[in-house]
Amino acid sequence: MIQHLIYSTAIAAVVGGRVFPKRIPHGESLPAITVNRIDTIYEKVHGEPSLSKTPKLQIVSWATSLDTAKSLGAKVETALDGFMGVLGHGTSVMEVEVINIEGENFDDDKETGLNWANQDYSILITP
């Protein structure tokens with residue numbers, strides 16, 4: 001997922017390579033994106049092997065202004081929502097049936113100056 005976002009021209013124009021797992025490393029600048037796997041749902045029938053699995057990801061677009069965070073979130077949504085095909089890079093690839101956005105919210109923190117657009121996505125993978 002991280003590679004997919006980094007290789008998106010629209011996203012790279014805003015964040016460069018600042019797409020990180022879980023949290024932004026200390027000292028990195030904004031805007032940036034974090035990706036966190038929050039759950040995986042397995043579809044099973046009567047004890048058989050899984051028919052499919054659906055990882056749930058939370059992707060957060062971080063910026064110093066709420067408008068920039070929302071704009072970056074919109075670019076993430078364009079890159080991901082409805083995506084079908086190969087996800088990954090090099091030896092770490094998987095065939096994705098579809099990626100769907102499931103929820104979104106925005107907020108800011110006056111104390112820290114951080115603003116974010118938080119999006120939840122499901123990724124349908126059939127083994």
# chains A, B, ... in the order shown; residues from 1 in each chain; ligands from 1
call {"tool": "residues_around", "arguments": {"residues": "region 105-119 of chain A", "least_positions_apart": "2", "cutoff": "6 Å", "atoms": "only C-alpha atoms", "output": "list in words"}}
result
Gln58, Ile59, Val60, Ser61, Trp62, Ala63, Thr64, Ser65, Leu66, Ala69, Lys70, Gly73 and Gly103 of chain A
call {"tool": "write_last_selection", "arguments": {"atoms": "C-alpha atoms", "output": "PDB file, in the first residue's frame"}}
result
ATOM      1  CA  GLN A  58      -6.591   3.370   8.181  1.00  0.00           C
ATOM      2  CA  ILE A  59      -4.841   5.976   6.064  1.00  0.00           C
ATOM      3  CA  VAL A  60      -4.256   9.401   7.563  1.00  0.00           C
ATOM      4  CA  SER A  61      -3.212  12.463   5.573  1.00  0.00           C
ATOM      5  CA  TRP A  62      -1.351  14.921   7.836  1.00  0.00           C
ATOM      6  CA  ALA A  63      -0.702  18.613   7.151  1.00  0.00           C
ATOM      7  CA  THR A  64      -0.255  21.985   8.845  1.00  0.00           C
ATOM      8  CA  SER A  65      -3.618  23.200   7.513  1.00  0.00           C
ATOM      9  CA  LEU A  66      -6.965  21.412   7.460  1.00  0.00           C
ATOM     10  CA  ALA A  69      -5.022  17.598   4.821  1.00  0.00           C
ATOM     11  CA  LYS A  70      -8.446  17.356   3.137  1.00  0.00           C
ATOM     12  CA  GLY A  73      -7.056  12.908   1.543  1.00  0.00           C
ATOM     13  CA  GLY A 103     -15.371   6.028   6.247  1.00  0.00           C
TER      14      GLY A 103
END
call {"tool": "select_by_dssp", "arguments": {"residues": "region 2-127 of chain A", "states": "strand (DSSP E or B)", "output": "number ranges by chain"}}
result
A: 19-21, 32-43, 52-63, 85-89, 92-96, 98-109, 114-125
call {"tool": "residues_around", "arguments": {"residues": "Gly17 (chain A)", "least_positions_apart": "3", "cutoff": "12 Å", "atoms": "only C-alpha atoms", "output": "ChimeraX atom specification"}}
result
/A:2-14,20,24,28-34
call {"tool": "residues_around", "arguments": {"residues": "region 83-89 of chain A", "least_positions_apart": "5", "cutoff": "12 Å", "atoms": "only C-alpha atoms", "output": "mmCIF file with C-alpha atoms, in the first residue's frame"}}
result
data_model
loop_
_atom_site.group_PDB
_atom_site.id
_atom_site.type_symbol
_atom_site.label_atom_id
_atom_site.label_comp_id
_atom_site.auth_asym_id
_atom_site.auth_seq_id
_atom_site.Cartn_x
_atom_site.Cartn_y
_atom_site.Cartn_z
ATOM 1 C CA MET A 1 0.000 0.000 0.000
ATOM 2 C CA ILE A 2 2.785 2.398 0.915
ATOM 3 C CA GLN A 3 4.498 1.854 -2.445
ATOM 4 C CA HIS A 4 1.201 2.313 -4.287
ATOM 5 C CA LEU A 5 0.693 5.690 -2.609
ATOM 6 C CA ILE A 6 4.310 6.793 -3.146
ATOM 7 C CA TYR A 7 4.085 5.924 -6.855
ATOM 8 C CA VAL A 76 -5.568 9.299 -1.583
ATOM 9 C CA GLU A 77 -9.238 8.513 -2.228
ATOM 10 C CA THR A 78 -8.765 8.996 -5.980
ATOM 11 C CA MET A 94 -0.906 -9.216 -4.262
ATOM 12 C CA GLU A 95 -3.904 -9.349 -6.576
ATOM 13 C CA VAL A 96 -6.664 -7.088 -5.258
ATOM 14 C CA GLU A 97 -10.275 -7.567 -6.304
ATOM 15 C CA VAL A 98 -11.282 -4.096 -5.118
ATOM 16 C CA ILE A 99 -10.404 -1.390 -2.587
ATOM 17 C CA ASN A 100 -13.337 0.501 -1.058
ATOM 18 C CA ILE A 101 -13.396 3.549 1.177
ATOM 19 C CA TYR A 121 -10.424 1.325 3.521
ATOM 20 C CA SER A 122 -11.246 -2.342 2.975
ATOM 21 C CA ILE A 123 -9.239 -4.428 0.519
ATOM 22 C CA LEU A 124 -10.919 -7.547 -0.891
ATOM 23 C CA ILE A 125 -8.380 -10.303 -1.626
ATOM 24 C CA THR A 126 -9.381 -13.748 -2.860
#
call {"tool": "atom_distance", "arguments": {"atom1": "CA of Thr91 (chain A)", "atom2": "CA of Ile38 (chain A)"}}
result
23.3 Å
call {"tool": "atom_distance", "arguments": {"atom1": "CA of Ile41 (chain A)", "atom2": "CA of Thr54 (chain A)"}}
result
5.1 Å
call {"tool": "select_by_dssp", "arguments": {"residues": "chain A", "states": "alpha helix (DSSP H)", "output": "PyMOL selection string"}}
result
chain A and resi 2-6+9-15+66-80
call {"tool": "decode", "arguments": {"residues": "chain A", "atoms": "C-alpha atoms", "output": "PDB file, in the first residue's frame"}}
result
ATOM      1  CA  MET A   1       0.000   0.000   0.000  1.00  0.00           C
ATOM      2  CA  ILE A   2       2.785   2.398   0.915  1.00  0.00           C
ATOM      3  CA  GLN A   3       4.498   1.854  -2.445  1.00  0.00           C
ATOM      4  CA  HIS A   4       1.201   2.313  -4.287  1.00  0.00           C
ATOM      5  CA  LEU A   5       0.693   5.690  -2.609  1.00  0.00           C
ATOM      6  CA  ILE A   6       4.310   6.793  -3.146  1.00  0.00           C
ATOM      7  CA  TYR A   7       4.085   5.924  -6.855  1.00  0.00           C
ATOM      8  CA  SER A   8       0.909   7.993  -7.315  1.00  0.00           C
ATOM      9  CA  THR A   9       2.020  11.106  -9.187  1.00  0.00           C
ATOM     10  CA  ALA A  10      -0.617  13.335  -7.557  1.00  0.00           C
ATOM     11  CA  ILE A  11       0.319  12.180  -4.049  1.00  0.00           C
ATOM     12  CA  ALA A  12       4.083  12.275  -4.646  1.00  0.00           C
ATOM     13  CA  ALA A  13       3.756  15.893  -5.813  1.00  0.00           C
ATOM     14  CA  VAL A  14       2.495  16.782  -2.312  1.00  0.00           C
ATOM     15  CA  VAL A  15       4.357  14.413   0.049  1.00  0.00           C
ATOM     16  CA  GLY A  16       7.330  13.163  -1.948  1.00  0.00           C
ATOM     17  CA  GLY A  17       8.225   9.883  -0.268  1.00  0.00           C
ATOM     18  CA  ARG A  18       6.724  10.759   3.137  1.00  0.00           C
ATOM     19  CA  VAL A  19       4.332   7.784   3.407  1.00  0.00           C
ATOM     20  CA  PHE A  20       4.992   5.794   6.584  1.00  0.00           C
ATOM     21  CA  PRO A  21       3.680   2.729   8.439  1.00  0.00           C
ATOM     22  CA  LYS A  22       1.784   3.675  11.633  1.00  0.00           C
ATOM     23  CA  ARG A  23       3.372   7.031  12.513  1.00  0.00           C
ATOM     24  CA  ILE A  24       5.460   9.862  11.152  1.00  0.00           C
ATOM     25  CA  PRO A  25       9.089   9.482  12.254  1.00  0.00           C
ATOM     26  CA  HIS A  26      10.429  12.226  14.518  1.00  0.00           C
ATOM     27  CA  GLY A  27      11.825  15.122  12.527  1.00  0.00           C
ATOM     28  CA  GLU A  28       9.923  14.447   9.285  1.00  0.00           C
ATOM     29  CA  SER A  29       8.120  17.376   7.712  1.00  0.00           C
ATOM     30  CA  LEU A  30       4.493  17.706   6.655  1.00  0.00           C
ATOM     31  CA  PRO A  31       2.453  16.972   4.649  1.00  0.00           C
ATOM     32  CA  ALA A  32       2.803  13.241   5.118  1.00  0.00           C
ATOM     33  CA  ILE A  33       0.688  10.065   5.129  1.00  0.00           C
ATOM     34  CA  THR A  34       0.517   7.193   7.615  1.00  0.00           C
ATOM     35  CA  VAL A  35      -0.868   3.724   6.879  1.00  0.00           C
ATOM     36  CA  ASN A  36      -2.024   1.346   9.604  1.00  0.00           C
ATOM     37  CA  ARG A  37      -3.619  -2.099   9.246  1.00  0.00           C
ATOM     38  CA  ILE A  38      -6.435  -2.142  11.797  1.00  0.00           C
ATOM     39  CA  ASP A  39      -8.180  -5.481  11.168  1.00  0.00           C
ATOM     40  CA  THR A  40      -8.595  -8.421   8.792  1.00  0.00           C
ATOM     41  CA  ILE A  41     -11.896 -10.208   8.201  1.00  0.00           C
ATOM     42  CA  TYR A  42     -11.788 -13.782   6.843  1.00  0.00           C
ATOM     43  CA  GLU A  43     -14.758 -15.252   4.972  1.00  0.00           C
ATOM     44  CA  LYS A  44     -15.134 -18.944   5.804  1.00  0.00           C
ATOM     45  CA  VAL A  45     -17.789 -21.535   5.110  1.00  0.00           C
ATOM     46  CA  HIS A  46     -18.259 -24.541   7.443  1.00  0.00           C
ATOM     47  CA  GLY A  47     -14.625 -24.976   8.470  1.00  0.00           C
ATOM     48  CA  GLU A  48     -13.247 -24.820   4.928  1.00  0.00           C
ATOM     49  CA  PRO A  49     -10.168 -22.720   4.112  1.00  0.00           C
ATOM     50  CA  SER A  50     -10.845 -19.013   3.777  1.00  0.00           C
ATOM     51  CA  LEU A  51     -12.696 -18.018   0.624  1.00  0.00           C
ATOM     52  CA  SER A  52     -11.432 -14.462   0.910  1.00  0.00           C
ATOM     53  CA  LYS A  53      -9.885 -12.030   3.327  1.00  0.00           C
ATOM     54  CA  THR A  54     -10.510  -8.330   3.719  1.00  0.00           C
ATOM     55  CA  PRO A  55      -7.783  -6.297   5.412  1.00  0.00           C
ATOM     56  CA  LYS A  56      -8.949  -2.977   6.849  1.00  0.00           C
ATOM     57  CA  LEU A  57      -6.527  -0.067   6.627  1.00  0.00           C
ATOM     58  CA  GLN A  58      -6.591   3.370   8.181  1.00  0.00           C
ATOM     59  CA  ILE A  59      -4.841   5.976   6.064  1.00  0.00           C
ATOM     60  CA  VAL A  60      -4.256   9.401   7.563  1.00  0.00           C
ATOM     61  CA  SER A  61      -3.212  12.463   5.573  1.00  0.00           C
ATOM     62  CA  TRP A  62      -1.351  14.921   7.836  1.00  0.00           C
ATOM     63  CA  ALA A  63      -0.702  18.613   7.151  1.00  0.00           C
ATOM     64  CA  THR A  64      -0.255  21.985   8.845  1.00  0.00           C
ATOM     65  CA  SER A  65      -3.618  23.200   7.513  1.00  0.00           C
ATOM     66  CA  LEU A  66      -6.965  21.412   7.460  1.00  0.00           C
ATOM     67  CA  ASP A  67      -7.520  22.364   3.817  1.00  0.00           C
ATOM     68  CA  THR A  68      -4.212  20.749   2.813  1.00  0.00           C
ATOM     69  CA  ALA A  69      -5.022  17.598   4.821  1.00  0.00           C
ATOM     70  CA  LYS A  70      -8.446  17.356   3.137  1.00  0.00           C
ATOM     71  CA  SER A  71      -6.939  17.955  -0.312  1.00  0.00           C
ATOM     72  CA  LEU A  72      -4.331  15.249   0.254  1.00  0.00           C
ATOM     73  CA  GLY A  73      -7.056  12.908   1.543  1.00  0.00           C
ATOM     74  CA  ALA A  74      -8.980  13.493  -1.688  1.00  0.00           C
ATOM     75  CA  LYS A  75      -5.878  12.474  -3.680  1.00  0.00           C
ATOM     76  CA  VAL A  76      -5.568   9.299  -1.583  1.00  0.00           C
ATOM     77  CA  GLU A  77      -9.238   8.513  -2.228  1.00  0.00           C
ATOM     78  CA  THR A  78      -8.765   8.996  -5.980  1.00  0.00           C
ATOM     79  CA  ALA A  79      -5.741   6.670  -5.929  1.00  0.00           C
ATOM     80  CA  LEU A  80      -7.446   3.935  -3.901  1.00  0.00           C
ATOM     81  CA  ASP A  81     -11.251   3.892  -3.978  1.00  0.00           C
ATOM     82  CA  GLY A  82     -12.395   1.378  -6.583  1.00  0.00           C
ATOM     83  CA  PHE A  83      -8.835   0.224  -7.386  1.00  0.00           C
ATOM     84  CA  MET A  84      -8.604  -3.289  -8.855  1.00  0.00           C
ATOM     85  CA  GLY A  85      -5.409  -5.039  -9.865  1.00  0.00           C
ATOM     86  CA  VAL A  86      -1.911  -5.691  -8.567  1.00  0.00           C
ATOM     87  CA  LEU A  87      -0.940  -3.897  -5.383  1.00  0.00           C
ATOM     88  CA  GLY A  88       2.649  -3.779  -4.209  1.00  0.00           C
ATOM     89  CA  HIS A  89       6.106  -3.645  -5.671  1.00  0.00           C
ATOM     90  CA  GLY A  90       8.934  -6.092  -6.377  1.00  0.00           C
ATOM     91  CA  THR A  91       8.544  -9.384  -4.514  1.00  0.00           C
ATOM     92  CA  SER A  92       5.764  -8.062  -2.262  1.00  0.00           C
ATOM     93  CA  VAL A  93       2.685  -8.014  -4.510  1.00  0.00           C
ATOM     94  CA  MET A  94      -0.906  -9.216  -4.262  1.00  0.00           C
ATOM     95  CA  GLU A  95      -3.904  -9.349  -6.576  1.00  0.00           C
ATOM     96  CA  VAL A  96      -6.664  -7.088  -5.258  1.00  0.00           C
ATOM     97  CA  GLU A  97     -10.275  -7.567  -6.304  1.00  0.00           C
ATOM     98  CA  VAL A  98     -11.282  -4.096  -5.118  1.00  0.00           C
ATOM     99  CA  ILE A  99     -10.404  -1.390  -2.587  1.00  0.00           C
ATOM    100  CA  ASN A 100     -13.337   0.501  -1.058  1.00  0.00           C
ATOM    101  CA  ILE A 101     -13.396   3.549   1.177  1.00  0.00           C
ATOM    102  CA  GLU A 102     -15.588   2.864   4.209  1.00  0.00           C
ATOM    103  CA  GLY A 103     -15.371   6.028   6.247  1.00  0.00           C
ATOM    104  CA  GLU A 104     -13.723   9.402   6.562  1.00  0.00           C
ATOM    105  CA  ASN A 105     -13.338  12.205   9.073  1.00  0.00           C
ATOM    106  CA  PHE A 106     -11.301  15.383   9.488  1.00  0.00           C
ATOM    107  CA  ASP A 107      -9.965  17.205  12.501  1.00  0.00           C
ATOM    108  CA  ASP A 108      -7.321  19.571  13.777  1.00  0.00           C
ATOM    109  CA  ASP A 109      -5.361  20.058  16.961  1.00  0.00           C
ATOM    110  CA  LYS A 110      -4.811  23.718  17.812  1.00  0.00           C
ATOM    111  CA  GLU A 111      -2.188  22.774  20.416  1.00  0.00           C
ATOM    112  CA  THR A 112       0.122  20.817  18.112  1.00  0.00           C
ATOM    113  CA  GLY A 113      -0.822  22.499  14.842  1.00  0.00           C
ATOM    114  CA  LEU A 114      -1.496  19.117  13.252  1.00  0.00           C
ATOM    115  CA  ASN A 115      -4.464  18.620  10.932  1.00  0.00           C
ATOM    116  CA  TRP A 116      -5.612  15.326   9.481  1.00  0.00           C
ATOM    117  CA  ALA A 117      -7.966  13.590   7.093  1.00  0.00           C
ATOM    118  CA  ASN A 118      -8.574  10.052   8.346  1.00  0.00           C
ATOM    119  CA  GLN A 119      -9.909   7.404   5.923  1.00  0.00           C
ATOM    120  CA  ASP A 120     -10.737   3.736   6.441  1.00  0.00           C
ATOM    121  CA  TYR A 121     -10.424   1.325   3.521  1.00  0.00           C
ATOM    122  CA  SER A 122     -11.246  -2.342   2.975  1.00  0.00           C
ATOM    123  CA  ILE A 123      -9.239  -4.428   0.519  1.00  0.00           C
ATOM    124  CA  LEU A 124     -10.919  -7.547  -0.891  1.00  0.00           C
ATOM    125  CA  ILE A 125      -8.380 -10.303  -1.626  1.00  0.00           C
ATOM    126  CA  THR A 126      -9.381 -13.748  -2.860  1.00  0.00           C
ATOM    127  CA  PRO A 127      -6.733 -16.454  -2.338  1.00  0.00           C
TER     128      PRO A 127
END
